[in-house]
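Next comes structure.cif, with mmCIF, C-alpha atoms.
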```cif
data_coords
#
loop_
_atom_site.group_PDB
_atom_site.id
_atom_site.type_symbol
_atom_site.label_atom_id
_atom_site.label_comp_id
_atom_site.auth_asym_id
_atom_site.auth_seq_id
_atom_site.Cartn_x
_atom_site.Cartn_y
_atom_site.Cartn_z
ATOM 1 C CA MET A 17 -80.728 35.292 185.716
ATOM 2 C CA VAL A 18 -79.802 34.598 189.352
ATOM 3 C CA ILE A 19 -81.642 36.143 192.287
ATOM 4 C CA CYS A 20 -79.141 37.464 194.843
ATOM 5 C CA SER A 21 -79.609 38.679 198.390
ATOM 6 C CA GLN A 22 -81.905 41.662 199.016
ATOM 7 C CA GLY A 23 -83.786 41.118 195.757
ATOM 8 C CA ALA A 24 -80.830 41.915 193.495
ATOM 9 C CA LYS A 25 -80.716 40.049 190.197
ATOM 10 C CA GLU A 26 -77.500 38.931 188.501
ATOM 11 C CA THR A 27 -77.573 38.428 184.749
ATOM 12 C CA ASN A 28 -75.121 37.978 181.863
ATOM 13 C CA MET A 29 -74.568 39.979 178.681
ATOM 14 C CA ASN A 30 -72.338 39.259 175.684
ATOM 15 C CA VAL A 31 -70.656 42.400 174.303
ATOM 16 C CA LYS A 32 -68.008 42.325 171.582
ATOM 17 C CA GLY A 33 -67.333 38.623 172.083
ATOM 18 C CA HIS A 34 -67.056 38.735 175.873
ATOM 19 C CA THR A 35 -69.664 37.888 178.473
ATOM 20 C CA TYR A 36 -70.083 40.346 181.343
ATOM 21 C CA ARG A 37 -72.170 39.855 184.465
ATOM 22 C CA TYR A 38 -74.131 42.662 186.056
ATOM 23 C CA VAL A 39 -76.317 43.060 189.112
ATOM 24 C CA VAL A 40 -79.685 44.828 188.955
ATOM 25 C CA THR A 41 -81.465 46.221 192.007
ATOM 26 C CA LYS A 42 -84.624 48.261 192.437
ATOM 27 C CA ALA A 43 -83.944 51.944 193.027
ATOM 28 C CA GLU A 44 -85.597 53.614 196.025
ATOM 29 C CA GLU A 45 -86.934 56.398 193.808
ATOM 30 C CA GLY A 46 -88.329 53.906 191.279
ATOM 31 C CA GLY A 47 -86.856 52.061 188.343
ATOM 32 C CA TYR A 48 -83.676 50.020 188.510
ATOM 33 C CA VAL A 49 -79.916 50.480 188.831
ATOM 34 C CA ALA A 50 -77.284 48.081 187.494
ATOM 35 C CA LYS A 51 -73.539 47.654 187.883
ATOM 36 C CA CYS A 52 -71.134 45.444 185.980
ATOM 37 C CA ILE A 53 -69.275 42.946 188.154
ATOM 38 C CA GLU A 54 -66.160 42.636 185.948
ATOM 39 C CA LEU A 55 -65.913 46.366 185.124
ATOM 40 C CA PRO A 56 -67.111 48.183 188.273
ATOM 41 C CA GLN A 57 -66.778 51.595 186.618
ATOM 42 C CA VAL A 58 -69.686 50.602 184.334
ATOM 43 C CA HIS A 59 -73.099 51.263 185.832
ATOM 44 C CA THR A 60 -76.453 52.478 184.568
ATOM 45 C CA GLU A 61 -80.125 52.883 185.402
ATOM 46 C CA GLY A 62 -83.519 52.623 183.747
ATOM 47 C CA GLU A 63 -87.238 52.711 184.386
ATOM 48 C CA THR A 64 -87.702 49.089 183.238
ATOM 49 C CA LEU A 65 -85.509 45.983 183.137
ATOM 50 C CA ALA A 66 -85.538 46.189 179.324
ATOM 51 C CA GLU A 67 -84.251 49.779 179.494
ATOM 52 C CA VAL A 68 -81.548 48.765 181.995
ATOM 53 C CA LYS A 69 -80.421 45.968 179.657
ATOM 54 C CA LYS A 70 -80.215 48.343 176.663
ATOM 55 C CA ASN A 71 -78.397 50.980 178.730
ATOM 56 C CA MET A 72 -75.951 48.384 180.107
ATOM 57 C CA ARG A 73 -75.165 47.146 176.594
ATOM 58 C CA ASP A 74 -74.536 50.761 175.487
ATOM 59 C CA ALA A 75 -72.362 51.506 178.537
ATOM 60 C CA LEU A 76 -70.318 48.322 178.126
ATOM 61 C CA THR A 77 -69.846 48.900 174.400
ATOM 62 C CA LEU A 78 -68.613 52.478 174.957
ATOM 63 C CA THR A 79 -66.276 51.360 177.753
ATOM 64 C CA VAL A 80 -64.795 48.428 175.816
ATOM 65 C CA ASP A 81 -64.294 50.624 172.728
ATOM 66 C CA TYR A 82 -62.566 53.263 174.863
ATOM 67 C CA ILE A 83 -60.285 50.694 176.513
ATOM 68 C CA ARG A 84 -59.359 49.159 173.144
ATOM 69 C CA ASP A 85 -58.692 52.576 171.564
ATOM 70 C CA ARG A 86 -56.521 53.573 174.519
ATOM 71 C CA ALA A 87 -54.579 50.296 174.250
ATOM 72 C CA LYS A 88 -53.832 51.011 170.579
ATOM 73 C CA LYS A 89 -52.110 54.266 171.619
ATOM 74 C CA GLU A 90 -49.809 52.560 174.121
ATOM 75 C CA LYS A 91 -46.149 52.262 173.239
ATOM 76 C CA GLY A 92 -44.788 48.746 173.177
ATOM 77 C CA GLU A 93 -46.364 45.455 172.271
ATOM 78 C CA VAL A 94 -49.962 44.706 173.200
ATOM 79 C CA LEU A 95 -50.415 41.091 174.314
ATOM 80 C CA GLU A 96 -53.556 39.130 175.101
ATOM 81 C CA ILE A 97 -54.318 36.542 177.741
ATOM 82 C CA THR A 98 -57.331 34.255 178.154
ATOM 83 C CA ILE A 99 -58.577 33.379 181.620
ATOM 84 C CA ARG A 100 -61.038 30.525 182.014
#
```
Go through the file and emit its structure as structure tokens.
Amino acid sequence: MVICSQGAKETNMNVKGHTYRYVVTKAEEGGYVAKCIELPQVHTEGETLAEVKKNMRDALTLTVDYIRDRAKKEKGEVLEITIR
């Protein structure tokens, strides 16, 4: 885990063979909010850091499954690329 500016914490999570980074900050109303760096449409919240981690794993899993299912419905050839 990396501490970022303004008390935000950056951490990593492996989901379906890929590692995603997300940033966790304290919410003004209590608890925590988190957003995925690589997939900005994925965000979640929780009362504890453990709950945020579980919720982020669930949100990432649902999003990756949706993206993969949508790709299967595309016409044409689906190709892959690895970026290091």
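Remark: for Tyr36 in chain A, the closest of the candidate residues A:Lys51, A:Arg84, A:Lys91, A:Lys70 is A:Lys51 (distances computed over only C-alpha atoms).
When CA of Thr27 in chain A is paired with CA of Thr77 in chain A, their separation reads 16.6 Å.
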Option closest in space to Met29 in chain A, from A:Leu65, A:Cys52, A:Ile99, A:Ala87 [counting all atoms listed in the file]:
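Comparing A:Leu65, A:Cys52, A:Ile99, A:Ala87 against Met29 in chain A, the winner is A:Cys52.
You can rank A:Thr35, A:Thr60, A:Thr41, A:Thr98 by their closest distance to Met72 in chain A using only C-alpha atoms, and at the top of that list sits A:Thr60.
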Scan for residues within 10 Å of the point (-81.0, 39.8, 183.1) in the coordinates of the file, using only C-alpha atoms, and reply as a PDB file with C-alpha atoms, in the frame of the given file.
```
ATOM      1  CA  MET A  17     -80.728  35.292 185.716  1.00  0.00           C
ATOM      2  CA  VAL A  18     -79.802  34.598 189.352  1.00  0.00           C
ATOM      3  CA  ILE A  19     -81.642  36.143 192.287  1.00  0.00           C
ATOM      4  CA  LYS A  25     -80.716  40.049 190.197  1.00  0.00           C
ATOM      5  CA  GLU A  26     -77.500  38.931 188.501  1.00  0.00           C
ATOM      6  CA  THR A  27     -77.573  38.428 184.749  1.00  0.00           C
ATOM      7  CA  ASN A  28     -75.121  37.978 181.863  1.00  0.00           C
ATOM      8  CA  MET A  29     -74.568  39.979 178.681  1.00  0.00           C
ATOM      9  CA  ARG A  37     -72.170  39.855 184.465  1.00  0.00           C
ATOM     10  CA  TYR A  38     -74.131  42.662 186.056  1.00  0.00           C
ATOM     11  CA  VAL A  39     -76.317  43.060 189.112  1.00  0.00           C
ATOM     12  CA  VAL A  40     -79.685  44.828 188.955  1.00  0.00           C
ATOM     13  CA  LEU A  65     -85.509  45.983 183.137  1.00  0.00           C
ATOM     14  CA  ALA A  66     -85.538  46.189 179.324  1.00  0.00           C
ATOM     15  CA  VAL A  68     -81.548  48.765 181.995  1.00  0.00           C
ATOM     16  CA  LYS A  69     -80.421  45.968 179.657  1.00  0.00           C
TER      17      LYS A  69
END
```
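Of the listed residues (A:Ile97, A:Ile83, A:Ala50, A:Leu76), A:Leu76 comes nearest to Lys32 in chain A; the distances count all atoms listed in the file.
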Would you give the centre and edge lengths, in Å to one decimal, of a box along x, y and z around the listed atoms of range 51-67 of chain A, with 3 Å added to each side, as JSON?
```
{"center_x": -76.8, "center_y": 47.8, "center_z": 183.8, "size_x": 27.8, "size_y": 16.2, "size_z": 14.9}
```
Can you tell me which residues surround Thr64 in chain A at a distance of at most 8 Å, considering all atoms listed in the file, apart from same-chain residues fewer than 3 positions away, and format the answer as a list of chain:residue names?
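Answer for this query is A:Gly47, A:Tyr48, A:Glu67, A:Val68.
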Hey, can you spit out that residue selection with C-alpha atoms as a tab-separated table (two decimals), in the coordinates of the input?
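Final file, part-v9.tsv:
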```tsv
chain	number	residue	atom	x	y	z
A	47	GLY	CA	-86.86	52.06	188.34
A	48	TYR	CA	-83.68	50.02	188.51
A	67	GLU	CA	-84.25	49.78	179.49
A	68	VAL	CA	-81.55	48.76	182.00
```
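CA of Val80 in chain A is found 25.9 Å from CA of Lys42 in chain A.
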As a compact mmCIF listing (two decimals), in the frame of the given file, please: range 51-62 of chain A completed to N, CA and C atoms.
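Once written, result_17.txt looks like this:
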```txt
# COMPACT_ATOMS: atom_id res chain seq x y z
N LYS A 51 -74.99 47.47 187.92
CA LYS A 51 -73.54 47.65 187.88
C LYS A 51 -72.90 46.38 187.36
N CYS A 52 -71.86 46.56 186.57
CA CYS A 52 -71.13 45.44 185.98
C CYS A 52 -70.17 44.89 187.03
N ILE A 53 -70.14 43.58 187.16
CA ILE A 53 -69.28 42.95 188.15
C ILE A 53 -67.81 43.00 187.71
N GLU A 54 -67.54 42.69 186.44
CA GLU A 54 -66.16 42.64 185.95
C GLU A 54 -65.55 44.02 185.70
N LEU A 55 -66.38 45.00 185.36
CA LEU A 55 -65.91 46.37 185.12
C LEU A 55 -66.72 47.29 186.04
N PRO A 56 -66.30 47.45 187.30
CA PRO A 56 -67.11 48.18 188.27
C PRO A 56 -67.34 49.65 187.94
N GLN A 57 -66.55 50.21 187.01
CA GLN A 57 -66.78 51.60 186.62
C GLN A 57 -67.98 51.72 185.68
N VAL A 58 -68.54 50.60 185.23
CA VAL A 58 -69.69 50.60 184.33
C VAL A 58 -70.96 50.37 185.14
N HIS A 59 -71.82 51.37 185.14
CA HIS A 59 -73.10 51.26 185.83
C HIS A 59 -74.12 52.09 185.07
N THR A 60 -75.40 51.79 185.29
CA THR A 60 -76.45 52.48 184.57
C THR A 60 -77.75 52.37 185.35
N GLU A 61 -78.81 52.95 184.79
CA GLU A 61 -80.12 52.88 185.40
C GLU A 61 -81.18 52.88 184.31
N GLY A 62 -82.41 52.60 184.69
CA GLY A 62 -83.52 52.62 183.75
C GLY A 62 -84.84 52.44 184.47
```
